[in-house]
$ cat target-v9.pdb   # PDB, N, CA and C atoms
ATOM      1  N   MET A   3      58.777  38.515   1.596
ATOM      2  CA  MET A   3      59.146  37.553   2.598
ATOM      3  C   MET A   3      59.160  36.167   1.951
ATOM      4  N   SER A   4      60.213  35.405   2.184
ATOM      5  CA  SER A   4      60.309  34.085   1.576
ATOM      6  C   SER A   4      59.795  33.010   2.549
ATOM      7  N   ASP A   5      59.176  32.000   1.985
ATOM      8  CA  ASP A   5      58.638  30.886   2.768
ATOM      9  C   ASP A   5      59.685  29.783   2.838
ATOM     10  N   ARG A   6      59.980  29.333   4.043
ATOM     11  CA  ARG A   6      61.005  28.296   4.196
ATOM     12  C   ARG A   6      60.468  26.913   3.843
ATOM     13  N   GLY A   7      59.170  26.718   3.759
ATOM     14  CA  GLY A   7      58.568  25.475   3.305
ATOM     15  C   GLY A   7      58.933  24.276   4.161
ATOM     16  N   ILE A   8      59.456  23.256   3.531
ATOM     17  CA  ILE A   8      59.748  21.978   4.194
ATOM     18  C   ILE A   8      60.861  22.103   5.232
ATOM     19  N   ILE A   9      61.757  23.019   5.053
ATOM     20  CA  ILE A   9      62.848  23.206   6.014
ATOM     21  C   ILE A   9      62.291  23.569   7.387
ATOM     22  N   LYS A  10      61.227  24.345   7.388
ATOM     23  CA  LYS A  10      60.605  24.780   8.630
ATOM     24  C   LYS A  10      60.075  23.595   9.449
ATOM     25  N   TRP A  11      59.603  22.548   8.784
ATOM     26  CA  TRP A  11      58.971  21.422   9.471
ATOM     27  C   TRP A  11      59.913  20.239   9.675
ATOM     28  N   ALA A  12      61.133  20.318   9.255
ATOM     29  CA  ALA A  12      62.075  19.204   9.382
ATOM     30  C   ALA A  12      62.262  18.718  10.816
ATOM     31  N   PRO A  13      62.382  19.592  11.829
ATOM     32  CA  PRO A  13      62.553  19.090  13.199
ATOM     33  C   PRO A  13      61.372  18.257  13.689
ATOM     34  N   PHE A  14      60.163  18.562  13.235
ATOM     35  CA  PHE A  14      58.993  17.810  13.690
ATOM     36  C   PHE A  14      58.985  16.389  13.137
ATOM     37  N   SER A  15      59.486  16.195  11.937
ATOM     38  CA  SER A  15      59.530  14.839  11.396
ATOM     39  C   SER A  15      60.530  13.989  12.152
ATOM     40  N   SER A  16      61.585  14.596  12.664
ATOM     41  CA  SER A  16      62.542  13.811  13.454
ATOM     42  C   SER A  16      61.933  13.411  14.795
ATOM     43  N   VAL A  17      61.056  14.233  15.362
ATOM     44  CA  VAL A  17      60.365  13.887  16.608
ATOM     45  C   VAL A  17      59.440  12.696  16.376
ATOM     46  N   ILE A  18      58.749  12.671  15.256
ATOM     47  CA  ILE A  18      57.848  11.557  14.942
ATOM     48  C   ILE A  18      58.645  10.263  14.842
ATOM     49  N   ASN A  19      59.781  10.276  14.169
ATOM     50  CA  ASN A  19      60.620   9.087  14.074
ATOM     51  C   ASN A  19      61.110   8.662  15.448
ATOM     52  N   GLY A  20      61.368   9.620  16.311
ATOM     53  CA  GLY A  20      61.782   9.292  17.676
ATOM     54  C   GLY A  20      60.681   8.578  18.430
ATOM     55  N   ASN A  21      59.435   8.988  18.217
ATOM     56  CA  ASN A  21      58.304   8.323  18.863
ATOM     57  C   ASN A  21      58.151   6.887  18.391
ATOM     58  N   ILE A  22      58.357   6.660  17.107
ATOM     59  CA  ILE A  22      58.289   5.308  16.561
ATOM     60  C   ILE A  22      59.380   4.450  17.175
ATOM     61  N   LEU A  23      60.569   4.992  17.285
ATOM     62  CA  LEU A  23      61.688   4.260  17.881
ATOM     63  C   LEU A  23      61.405   3.938  19.346
ATOM     64  N   LEU A  24      60.857   4.887  20.087
ATOM     65  CA  LEU A  24      60.517   4.641  21.493
ATOM     66  C   LEU A  24      59.455   3.552  21.624
ATOM     67  N   LYS A  25      58.486   3.546  20.730
ATOM     68  CA  LYS A  25      57.449   2.517  20.745
ATOM     69  C   LYS A  25      58.059   1.137  20.491
ATOM     70  N   GLU A  26      58.973   1.044  19.523
ATOM     71  CA  GLU A  26      59.636  -0.229  19.226
ATOM     72  C   GLU A  26      60.462  -0.712  20.418
ATOM     73  N   ILE A  27      61.142   0.197  21.085
ATOM     74  CA  ILE A  27      61.940  -0.163  22.260
ATOM     75  C   ILE A  27      61.034  -0.676  23.375
ATOM     76  N   HIS A  28      59.909  -0.006  23.586
ATOM     77  CA  HIS A  28      58.962  -0.429  24.619
ATOM     78  C   HIS A  28      58.407  -1.820  24.316
ATOM     79  N   GLU A  29      58.055  -2.073  23.049
ATOM     80  CA  GLU A  29      57.553  -3.390  22.650
ATOM     81  C   GLU A  29      58.615  -4.465  22.852
ATOM     82  N   GLU A  30      59.855  -4.148  22.535
ATOM     83  CA  GLU A  30      60.952  -5.105  22.698
ATOM     84  C   GLU A  30      61.143  -5.456  24.174
ATOM     85  N   LYS A  31      61.028  -4.468  25.047
ATOM     86  CA  LYS A  31      61.198  -4.710  26.482
ATOM     87  C   LYS A  31      60.043  -5.507  27.072
ATOM     88  N   SER A  32      58.855  -5.383  26.497
ATOM     89  CA  SER A  32      57.690  -6.076  27.055
ATOM     90  C   SER A  32      57.582  -7.528  26.587
ATOM     91  N   ARG A  33      58.425  -7.955  25.687
ATOM     92  CA  ARG A  33      58.391  -9.339  25.206
ATOM     93  C   ARG A  33      58.874 -10.288  26.302
ATOM     94  N   ILE A  34      58.238 -11.464  26.340
ATOM     95  CA  ILE A  34      58.521 -12.448  27.380
ATOM     96  C   ILE A  34      58.821 -13.790  26.731
ATOM     97  N   ILE A  35      59.771 -14.505  27.299
ATOM     98  CA  ILE A  35      60.052 -15.871  26.865
ATOM     99  C   ILE A  35      59.010 -16.780  27.497
ATOM    100  N   LYS A  36      58.493 -17.728  26.726
ATOM    101  CA  LYS A  36      57.445 -18.611  27.218
ATOM    102  C   LYS A  36      57.950 -19.439  28.395
ATOM    103  N   PRO A  37      57.241 -19.382  29.526
ATOM    104  CA  PRO A  37      57.646 -20.186  30.682
ATOM    105  C   PRO A  37      57.449 -21.673  30.398
ATOM    106  N   THR A  38      58.371 -22.485  30.887
ATOM    107  CA  THR A  38      58.226 -23.934  30.745
ATOM    108  C   THR A  38      57.613 -24.491  32.016
ATOM    109  N   LEU A  39      56.680 -25.418  31.837
ATOM    110  CA  LEU A  39      55.990 -26.026  32.958
ATOM    111  C   LEU A  39      56.440 -27.471  33.117
ATOM    112  N   SER A  40      56.500 -27.930  34.358
ATOM    113  CA  SER A  40      56.851 -29.328  34.623
ATOM    114  C   SER A  40      55.642 -30.208  34.322
ATOM    115  N   GLU A  41      55.866 -31.506  34.264
ATOM    116  CA  GLU A  41      54.773 -32.447  34.014
ATOM    117  C   GLU A  41      53.716 -32.351  35.109
ATOM    118  N   GLU A  42      54.159 -32.137  36.334
ATOM    119  CA  GLU A  42      53.241 -32.005  37.461
ATOM    120  C   GLU A  42      52.363 -30.759  37.305
ATOM    121  N   GLN A  43      52.949 -29.651  36.888
ATOM    122  CA  GLN A  43      52.196 -28.423  36.681
ATOM    123  C   GLN A  43      51.196 -28.575  35.531
ATOM    124  N   ILE A  44      51.599 -29.265  34.484
ATOM    125  CA  ILE A  44      50.709 -29.499  33.348
ATOM    126  C   ILE A  44      49.517 -30.347  33.772
ATOM    127  N   GLN A  45      49.780 -31.389  34.560
ATOM    128  CA  GLN A  45      48.705 -32.245  35.047
ATOM    129  C   GLN A  45      47.750 -31.466  35.948
ATOM    130  N   GLU A  46      48.296 -30.591  36.776
ATOM    131  CA  GLU A  46      47.480 -29.753  37.655
ATOM    132  C   GLU A  46      46.590 -28.812  36.839
ATOM    133  N   LEU A  47      47.135 -28.236  35.768
ATOM    134  CA  LEU A  47      46.348 -27.372  34.895
ATOM    135  C   LEU A  47      45.209 -28.142  34.223
ATOM    136  N   GLU A  48      45.506 -29.339  33.734
ATOM    137  CA  GLU A  48      44.482 -30.155  33.089
ATOM    138  C   GLU A  48      43.368 -30.516  34.064
ATOM    139  N   ASP A  49      43.748 -30.829  35.321
ATOM    140  CA  ASP A  49      42.741 -31.142  36.338
ATOM    141  C   ASP A  49      41.854 -29.933  36.619
ATOM    142  N   LYS A  50      42.454 -28.749  36.705
ATOM    143  CA  LYS A  50      41.681 -27.524  36.945
ATOM    144  C   LYS A  50      40.751 -27.226  35.776
ATOM    145  N   ILE A  51      41.229 -27.455  34.565
ATOM    146  CA  ILE A  51      40.399 -27.225  33.379
ATOM    147  C   ILE A  51      39.169 -28.119  33.424
ATOM    148  N   LEU A  52      39.373 -29.399  33.707
ATOM    149  CA  LEU A  52      38.240 -30.325  33.783
ATOM    150  C   LEU A  52      37.282 -29.955  34.908
ATOM    151  N   GLU A  53      37.822 -29.574  36.047
ATOM    152  CA  GLU A  53      36.988 -29.186  37.184
ATOM    153  C   GLU A  53      36.135 -27.965  36.839
ATOM    154  N   LYS A  54      36.760 -26.941  36.277
ATOM    155  CA  LYS A  54      36.038 -25.716  35.922
ATOM    156  C   LYS A  54      35.013 -25.969  34.813
ATOM    157  N   TYR A  55      35.356 -26.849  33.880
ATOM    158  CA  TYR A  55      34.428 -27.186  32.797
ATOM    159  C   TYR A  55      33.215 -27.927  33.333
ATOM    160  N   ASN A  56      33.435 -28.929  34.175
ATOM    161  CA  ASN A  56      32.331 -29.722  34.723
ATOM    162  C   ASN A  56      31.427 -28.903  35.639
ATOM    163  N   ASN A  57      32.001 -27.983  36.400
ATOM    164  CA  ASN A  57      31.217 -27.165  37.325
ATOM    165  C   ASN A  57      30.649 -25.905  36.670
ATOM    166  N   LYS A  58      31.076 -25.613  35.448
ATOM    167  CA  LYS A  58      30.654 -24.405  34.721
ATOM    168  C   LYS A  58      30.861 -23.152  35.570
ATOM    169  N   THR A  59      32.029 -23.065  36.192
ATOM    170  CA  THR A  59      32.360 -21.906  37.026
ATOM    171  C   THR A  59      33.272 -20.948  36.276
ATOM    172  N   LEU A  60      33.287 -19.708  36.756
ATOM    173  CA  LEU A  60      34.115 -18.668  36.154
ATOM    174  C   LEU A  60      35.590 -19.009  36.336
ATOM    175  N   VAL A  61      36.360 -18.812  35.296
ATOM    176  CA  VAL A  61      37.779 -19.149  35.307
ATOM    177  C   VAL A  61      38.584 -17.964  34.793
ATOM    178  N   THR A  62      39.768 -17.779  35.351
ATOM    179  CA  THR A  62      40.721 -16.791  34.862
ATOM    180  C   THR A  62      41.908 -17.554  34.303
ATOM    181  N   ILE A  63      42.177 -17.378  33.021
ATOM    182  CA  ILE A  63      43.237 -18.118  32.341
ATOM    183  C   ILE A  63      44.341 -17.151  31.938
ATOM    184  N   PHE A  64      45.556 -17.493  32.329
ATOM    185  CA  PHE A  64      46.740 -16.764  31.888
ATOM    186  C   PHE A  64      47.351 -17.595  30.767
ATOM    187  N   PHE A  65      47.478 -17.004  29.582
ATOM    188  CA  PHE A  65      48.030 -17.761  28.463
ATOM    189  C   PHE A  65      49.060 -16.942  27.705
ATOM    190  N   TYR A  66      49.947 -17.663  27.033
ATOM    191  CA  TYR A  66      51.065 -17.079  26.295
ATOM    192  C   TYR A  66      50.722 -17.046  24.816
ATOM    193  N   LYS A  67      50.957 -15.875  24.208
ATOM    194  CA  LYS A  67      50.734 -15.757  22.765
ATOM    195  C   LYS A  67      51.593 -14.609  22.238
ATOM    196  N   SER A  68      52.346 -14.860  21.210
ATOM    197  CA  SER A  68      53.140 -13.837  20.526
ATOM    198  C   SER A  68      54.039 -13.051  21.480
ATOM    199  N   GLU A  69      54.784 -13.771  22.304
ATOM    200  CA  GLU A  69      55.770 -13.196  23.227
ATOM    201  C   GLU A  69      55.150 -12.299  24.303
ATOM    202  N   HIS A  70      53.881 -12.492  24.615
ATOM    203  CA  HIS A  70      53.210 -11.752  25.673
ATOM    204  C   HIS A  70      52.311 -12.701  26.460
ATOM    205  N   ILE A  71      51.981 -12.330  27.678
ATOM    206  CA  ILE A  71      51.056 -13.102  28.500
ATOM    207  C   ILE A  71      49.752 -12.320  28.587
ATOM    208  N   TYR A  72      48.656 -13.007  28.283
ATOM    209  CA  TYR A  72      47.338 -12.402  28.291
ATOM    210  C   TYR A  72      46.471 -13.061  29.360
ATOM    211  N   ILE A  73      45.441 -12.339  29.787
ATOM    212  CA  ILE A  73      44.504 -12.846  30.785
ATOM    213  C   ILE A  73      43.115 -12.874  30.161
ATOM    214  N   LEU A  74      42.419 -14.002  30.361
ATOM    215  CA  LEU A  74      41.073 -14.161  29.839
ATOM    216  C   LEU A  74      40.181 -14.686  30.948
ATOM    217  N   LYS A  75      39.044 -14.041  31.148
ATOM    218  CA  LYS A  75      38.075 -14.486  32.146
ATOM    219  C   LYS A  75      36.823 -14.952  31.429
ATOM    220  N   GLY A  76      36.261 -16.057  31.920
ATOM    221  CA  GLY A  76      35.037 -16.563  31.325
ATOM    222  C   GLY A  76      34.737 -17.958  31.807
ATOM    223  N   ILE A  77      33.846 -18.625  31.089
ATOM    224  CA  ILE A  77      33.445 -19.986  31.404
ATOM    225  C   ILE A  77      33.881 -20.887  30.261
ATOM    226  N   ILE A  78      34.513 -21.996  30.602
ATOM    227  CA  ILE A  78      34.970 -22.945  29.584
ATOM    228  C   ILE A  78      33.743 -23.627  29.002
ATOM    229  N   SER A  79      33.505 -23.421  27.715
ATOM    230  CA  SER A  79      32.309 -23.961  27.078
ATOM    231  C   SER A  79      32.571 -25.241  26.289
ATOM    232  N   LYS A  80      33.825 -25.489  25.937
ATOM    233  CA  LYS A  80      34.121 -26.672  25.124
ATOM    234  C   LYS A  80      35.571 -27.089  25.333
ATOM    235  N   ILE A  81      35.795 -28.399  25.376
ATOM    236  CA  ILE A  81      37.146 -28.953  25.431
ATOM    237  C   ILE A  81      37.298 -29.906  24.252
ATOM    238  N   ASN A  82      38.319 -29.675  23.443
ATOM    239  CA  ASN A  82      38.600 -30.544  22.308
ATOM    240  C   ASN A  82      39.916 -31.256  22.577
ATOM    241  N   THR A  83      39.827 -32.535  22.962
ATOM    242  CA  THR A  83      41.039 -33.282  23.306
ATOM    243  C   THR A  83      41.830 -33.691  22.066
ATOM    244  N   ALA A  84      41.180 -33.781  20.923
ATOM    245  CA  ALA A  84      41.884 -34.168  19.698
ATOM    246  C   ALA A  84      42.880 -33.095  19.271
ATOM    247  N   THR A  85      42.452 -31.840  19.324
ATOM    248  CA  THR A  85      43.325 -30.735  18.930
ATOM    249  C   THR A  85      43.983 -30.055  20.126
ATOM    250  N   LYS A  86      43.654 -30.539  21.325
ATOM    251  CA  LYS A  86      44.205 -30.017  22.575
ATOM    252  C   LYS A  86      43.974 -28.515  22.717
ATOM    253  N   GLU A  87      42.689 -28.139  22.677
ATOM    254  CA  GLU A  87      42.327 -26.748  22.841
ATOM    255  C   GLU A  87      41.016 -26.634  23.610
ATOM    256  N   ILE A  88      40.829 -25.467  24.232
ATOM    257  CA  ILE A  88      39.584 -25.199  24.940
ATOM    258  C   ILE A  88      38.947 -23.950  24.342
ATOM    259  N   THR A  89      37.639 -23.868  24.473
ATOM    260  CA  THR A  89      36.896 -22.702  24.015
ATOM    261  C   THR A  89      36.300 -22.023  25.242
ATOM    262  N   VAL A  90      36.522 -20.722  25.355
ATOM    263  CA  VAL A  90      36.018 -19.949  26.483
ATOM    264  C   VAL A  90      34.945 -18.988  25.968
ATOM    265  N   ASN A  91      33.820 -18.952  26.664
ATOM    266  CA  ASN A  91      32.693 -18.072  26.306
ATOM    267  C   ASN A  91      32.200 -18.307  24.877
ATOM    268  N   ASN A  92      32.298 -19.526  24.398
ATOM    269  CA  ASN A  92      31.847 -19.904  23.046
ATOM    270  C   ASN A  92      32.507 -19.115  21.925
ATOM    271  N   GLN A  93      33.676 -18.498  22.192
ATOM    272  CA  GLN A  93      34.297 -17.723  21.126
ATOM    273  C   GLN A  93      35.812 -17.789  21.103
ATOM    274  N   LYS A  94      36.485 -17.677  22.220
ATOM    275  CA  LYS A  94      37.948 -17.619  22.253
ATOM    276  C   LYS A  94      38.514 -19.031  22.400
ATOM    277  N   VAL A  95      39.384 -19.429  21.471
ATOM    278  CA  VAL A  95      40.008 -20.750  21.490
ATOM    279  C   VAL A  95      41.450 -20.606  21.957
ATOM    280  N   ILE A  96      41.820 -21.423  22.955
ATOM    281  CA  ILE A  96      43.173 -21.387  23.507
ATOM    282  C   ILE A  96      43.725 -22.810  23.491
ATOM    283  N   PHE A  97      44.955 -22.964  23.038
ATOM    284  CA  PHE A  97      45.606 -24.266  23.052
ATOM    285  C   PHE A  97      46.118 -24.581  24.458
ATOM    286  N   PHE A  98      46.043 -25.868  24.838
ATOM    287  CA  PHE A  98      46.547 -26.294  26.144
ATOM    288  C   PHE A  98      47.997 -25.874  26.340
ATOM    289  N   SER A  99      48.784 -25.995  25.293
ATOM    290  CA  SER A  99      50.222 -25.721  25.399
ATOM    291  C   SER A  99      50.521 -24.252  25.689
ATOM    292  N   ASN A 100      49.566 -23.360  25.447
ATOM    293  CA  ASN A 100      49.781 -21.936  25.696
ATOM    294  C   ASN A 100      49.319 -21.491  27.081
ATOM    295  N   ILE A 101      48.587 -22.349  27.778
ATOM    296  CA  ILE A 101      48.078 -21.992  29.100
ATOM    297  C   ILE A 101      49.207 -22.071  30.123
ATOM    298  N   ILE A 102      49.311 -21.018  30.922
ATOM    299  CA  ILE A 102      50.365 -20.934  31.936
ATOM    300  C   ILE A 102      49.803 -21.146  33.334
ATOM    301  N   ARG A 103      48.627 -20.546  33.572
ATOM    302  CA  ARG A 103      48.042 -20.613  34.906
ATOM    303  C   ARG A 103      46.537 -20.481  34.824
ATOM    304  N   ILE A 104      45.845 -21.122  35.765
ATOM    305  CA  ILE A 104      44.387 -21.033  35.837
ATOM    306  C   ILE A 104      43.985 -20.753  37.268
ATOM    307  N   ILE A 105      43.071 -19.806  37.419
ATOM    308  CA  ILE A 105      42.535 -19.482  38.743
ATOM    309  C   ILE A 105      41.041 -19.695  38.705
TER     310      ILE A 105
END

$ encode --input "target-v9.pdb" --output "structure tokens"
Amino acid sequence: MSDRGIIKWAPFSSVINGNILLKEIHEEKSRIIKPTLSEEQIQELEDKILEKYNNKTLVTIFFYKSEHIYILKGIISKINTATKEITVNNQKVIFFSNIIRII
């Protein structure tokens, strides 16, 4: 009896490539263009940031990074106005320009 070897497994390698292609298509569809905010919306966000920082209350931040929108919950522990960034939970740094919404 002869062994077909690599020929026997050829269809399975094409399935794996199909999975990679499907993953790439899914990633492409999930990409988002960064929303633009008006000056009024930016001012409102800055006011909320200061309020949440001064009161040390829990905040939910929606921010844009690498063509996706992420959600972060925590307490704002530091505001750096020179570099225009905030630190949440003493570890995660987010730039003001990437923040979309605050609850």

$ atom_distance --input "target-v9.pdb" --atom1 "atom N of A:Lys75" --atom2 "atom C of A:Thr62"
5.5 Å

$ resolve_selection --input "target-v9.pdb" --expression "the PyMOL selection byres ((chain A and resi 36-38) around 8)" --output "number ranges by chain"
A: 33-35, 39-41, 66-67, 69-70, 102

$ atom_distance --input "target-v9.pdb" --atom1 "atom CA of A:Val90" --atom2 "atom CA of A:Ile77"
5.6 Å

$ select_by_dssp --input "target-v9.pdb" --residues "chain A" --states "strand (DSSP E or B)" --output "count of residues only"
33

$ atom_distance --input "target-v9.pdb" --atom1 "atom CA of A:Ile78" --atom2 "atom CA of A:Glu42"
21.9 Å

$ closest_residue --input "target-v9.pdb" --among "A:Asn92, A:Asn100, A:Asn82, A:Ser68" --to "A:Glu30" --atoms "only C-alpha atoms"
A:Ser68

$ select_by_dssp --input "target-v9.pdb" --residues "chain A" --states "helix (DSSP H, G or I)" --output "NGL selection string"
:A and (8-32 or 41-57 or 98-100)

$ residues_around --input "target-v9.pdb" --residues "stretch 53-60 of chain A" --least-positions-apart "2" --cutoff "10 Å" --atoms "only C-alpha atoms" --output "VMD selection string"
chain A and resid 47 to 51 62 to 63 75 to 81 88 90 to 91 104 to 105

$ axis_aligned_box --input "target-v9.pdb" --around "stretch 46-55 of chain A" --padding-each-side "6 Å" --output "lines of an AutoDock Vina configuration file"
center_x = 40.8
center_y = -28.4
center_z = 35.2
size_x = 27.1
size_y = 17.4
size_z = 16.9

$ closest_residue --input "target-v9.pdb" --among "A:Leu52, A:Ile101, A:Val61, A:Ile71" --to "A:Thr83" --atoms "only C-alpha atoms"
A:Leu52
